[in-house]
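Engineer: Let me give you the structure first, and then I'll get to my questions.
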Amino acid sequence: MSIRHGLLALLERGQMYGYQLRAAFEESTGSTWPLNIGQVYTTLSRLERDGLVRPLPESEAGQRPYEITDAGRADLALWFATPISRTDRPRDELAIKLALALTTPGVDVRSVVQAQRSATMRALQELTRLKYGSDRPEDLPWRLVLDSMVFQAEAEVRWLDHCETSLVRHRPGVPPPPPSRPGDAPDAARWADEEARR
Amino acid sequence: MSGSDDAVLELRAVQRTHGAGPAAVHALRGVSLVVRPGELVAVMGPSGSGKSTLLALAGGLDRPTDGEVLIEGQPLGALDRRGLAQLRRRRIGYIFQQLNLLGSLSAAENVALPLELDGAGGRRARALAMAALTEVGLPTLGDRFPDQLSGGQQQRVAIARALVGERRLVLADEPTGALDSQTGEAVLHLLRRRIDGGAAGVLVTHEARHAGWADRVVFLRDGVLVDTTAPLGSVEQLLSGSDR
């Protein structure tokens with residue numbers, strides 16, 4: 001995702017200048033995604049270059065508001081209509097780390113799993129506390145963002161539990177097979193291999 | 001008082017072994033834990049790690065093989081059966097996955113039952129039960145019977161029964177059971193509110209999202225506490241990121 005589409009969505013509400021956009025962006029993501037003003041202006045100039053927004057005359061206070069163009073509206077509509085593809089997201093460093101932990105001598109994989117579980121669990125506690133503290137109706141957009149992060153953290157902990165169970169069941173201290181043997185390496189190790197080759 | 005300052009619950013090097021000799025099963029192997037007022041501690045761990053044993057010992061439903069359990073400074077080992085039963089009724093609320101509501105009693109009667117068993121008069125018990133039902137959002141359903149309530153409502157009645165009166169310690173074992181995610185969240189919200197009001201709680205769960213409601217999460221593995229999450233800052237600190 002792009003800050004691009006975030007800004008376009010905000011401008012669809014009406015014209016705004018840089019600082020207003022930044023404040024509105026942070027408000028709608030509950031400050032979970034802080035933006036600096038430089039990012040806002042860089043993005044605005046790219047949007048302007050692509051004809052998706054247009055600058056309006058400066059106000060007396062020296063602020064230049066922007067408005068969305070028809071092309072910008074079309075781009076925004078397309079964004080809302082297109083599902084986010086999982087392959088567009090960055091590779092999961094944690095999965096790669098665990099896969100490497102399995103095949104690296106001298107690494108206690110269970111400790112790696114537990115350290116991550118404890119850290120993710122704490123993040124989940126923080127998110128839950130933030131959510132608990134915001135139950136006004138106008139907090140709904142923020143709560144949904146928090147929920148998304150809560151569910152992702154939960155999925156990560158579940159996956160870590162699953163990893164640990166698999167470790168207990170399949171690898172009680174047995175050295176892993178070399179990942180070079182086709183069909184023998186676990187999927188995760190294959191991903192890691194692939195990643196290493198990039 | 002022999003407890004650790006203001007702890008509501010304290011486990012001191014608690015062991016629980018089933019059987020003896022080579023066939024002995026060590027369910028808990030030297031677990032120490034302190035839970036203070038206003039604190040909710042979640043216990044996580046794989047099946048068989050000792051979570052439910054820990055909760056049973058904390059609630060005086062089982063006795064340790066070694067070590068000591070104290071509730072508000074009172075060592076449970078020093079109590080006879082009768083004293084222990086009384087302490088359980090007065091100070092400890094239990095929320096289990098199996099609700100154990102009595103089908104022949106109304107919601108309010110189910111909630112009032114522990115108070116009446118403890119000698120409270122009918123009118124007072126009823127008033128406290130209705131207050132607890134109001135707290136869980138069921139102020140008008142006191143005269144319904146369990147089979148006239150939805151699953152979520154039944155769970156709320158069970159929670160009202162656990163919270164009724166002045167219970168200082170709430171013990172919950174997978175309290176949201178098979179409830180959908182919204183209803184389950186409402187249950188944890190209630191639990192959290194009571195804890196914030198000064199009670200102490202222990203929540204056994206394998207659901208990370210539920211453990212997220214706790215102030216501290218401890219991890220059990222093979223009967224040993226292997227890890228605990230760092231204490232959380234205030235919401236203000238979280239928002240400003242200053243706890244990192």
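Naming scheme: A, B, ... for chains in displayed order of the structure tokens; residues 1 onward per chain; ligands 1 onward as shown.
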Once you count only C-alpha atoms, which residues of chain A turn out to be within 8 Å of chain B? Could you give them as an mmCIF file with C-alpha atoms, in the first residue's frame?
Structural biologist:
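result.cif was written with the following content:
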```
data_model
loop_
_atom_site.group_PDB
_atom_site.id
_atom_site.type_symbol
_atom_site.label_atom_id
_atom_site.label_comp_id
_atom_site.auth_asym_id
_atom_site.auth_seq_id
_atom_site.Cartn_x
_atom_site.Cartn_y
_atom_site.Cartn_z
ATOM 1 C CA SER A 31 -1.182 6.867 14.897
ATOM 2 C CA GLN A 114 9.891 -18.673 22.622
ATOM 3 C CA SER A 118 7.008 -13.587 24.165
ATOM 4 C CA ALA A 119 7.707 -10.471 22.089
ATOM 5 C CA MET A 121 2.502 -11.673 22.865
ATOM 6 C CA ARG A 122 3.613 -8.436 24.472
ATOM 7 C CA LEU A 124 -0.605 -8.160 21.374
ATOM 8 C CA GLN A 125 -1.109 -7.019 24.971
ATOM 9 C CA GLU A 126 -0.220 -3.479 23.971
ATOM 10 C CA LEU A 127 -2.618 -3.524 21.040
ATOM 11 C CA THR A 128 -5.394 -4.924 23.223
ATOM 12 C CA ARG A 129 -4.813 -2.226 25.801
ATOM 13 C CA LEU A 130 -4.978 0.493 23.165
ATOM 14 C CA TYR A 132 -9.726 -1.297 25.307
ATOM 15 C CA GLY A 133 -9.015 2.399 25.842
ATOM 16 C CA VAL A 150 -4.261 -8.012 16.738
ATOM 17 C CA PHE A 151 -5.325 -10.773 14.363
ATOM 18 C CA GLU A 154 -2.488 -13.827 16.965
ATOM 19 C CA VAL A 157 1.622 -16.800 17.876
ATOM 20 C CA ARG A 158 -0.498 -19.669 16.557
ATOM 21 C CA ASP A 161 2.833 -22.801 18.622
#
```
Engineer: Per DSSP on the backbone, what are the strand (DSSP E or B) residues of stretch 14-225 of chain B, as a PyMOL selection string?
Structural biologist: chain B and resi 14-18+25-35+40-44+66-71+74-75+92-96+169-173+200-204+216-221+224-225
Engineer: From the DSSP assignment of the backbone, select every residue of chain A that is helix (DSSP H, G or I), and format the answer as a count of residues only.
Structural biologist: 128
Engineer: Env of stretch 49-60 of chain A: 8 Å cut, atoms = only C-alpha atoms, seq-sep filter 6 positions within chain, self excluded. Answer as a list of chain:residue names.
Structural biologist: A:Leu8, A:Tyr66, A:Glu67, A:Ile68, A:Thr69, A:Asp70, A:Ala71, A:Gly72, A:Arg73, A:Asp75
Engineer: Hey, what's within 9 Å of B:Asp118 if we count only C-alpha atoms and toss same-chain stuff fewer than 6 positions away? As a list in words, please?
Structural biologist: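 Contacts, in chain order: Gln86, Arg89 and Arg90 of chain B.
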Engineer: Write a file of the selected residues as an mmCIF file, in the first residue's frame, keeping C-alpha atoms.
Structural biologist:
```cif
data_model
loop_
_atom_site.group_PDB
_atom_site.id
_atom_site.type_symbol
_atom_site.label_atom_id
_atom_site.label_comp_id
_atom_site.auth_asym_id
_atom_site.auth_seq_id
_atom_site.Cartn_x
_atom_site.Cartn_y
_atom_site.Cartn_z
ATOM 1 C CA GLN B 86 -15.787 -21.295 52.787
ATOM 2 C CA ARG B 89 -17.150 -19.509 48.122
ATOM 3 C CA ARG B 90 -16.324 -16.086 49.523
#
```
Engineer: Could you check which of B:Asp66, B:Glu109, B:Asp180, B:Glu166 is closest to B:Phe145, using only C-alpha atoms?
Structural biologist: B:Glu109
Engineer: Could you produce a table of the residues of stretch 59-89 of chain B lying within 10 Å of stretch 2-17 of chain B, with the nearest pair of atoms per residue and their separation in Å rounded to one decimal, using only C-alpha atoms, ordered by chain and increasing residue number, as CSV?
Structural biologist:
```
residue,atom,partner,partner_atom,distance
B:Gly59,CA,B:Leu9,CA,9.2
B:Asp62,CA,B:Arg16,CA,9.1
B:Arg63,CA,B:Arg16,CA,7.8
B:Pro64,CA,B:Arg16,CA,5.0
B:Thr65,CA,B:Arg16,CA,4.8
B:Asp66,CA,B:Gln15,CA,5.0
B:Gly67,CA,B:Val14,CA,4.2
B:Glu68,CA,B:Arg12,CA,5.1
B:Val69,CA,B:Leu11,CA,4.7
B:Leu70,CA,B:Glu10,CA,5.1
B:Ile71,CA,B:Leu9,CA,4.8
B:Glu72,CA,B:Val8,CA,4.4
B:Gly73,CA,B:Gly3,CA,3.9
B:Gln74,CA,B:Gly3,CA,7.0
B:Pro75,CA,B:Ser2,CA,7.8
```
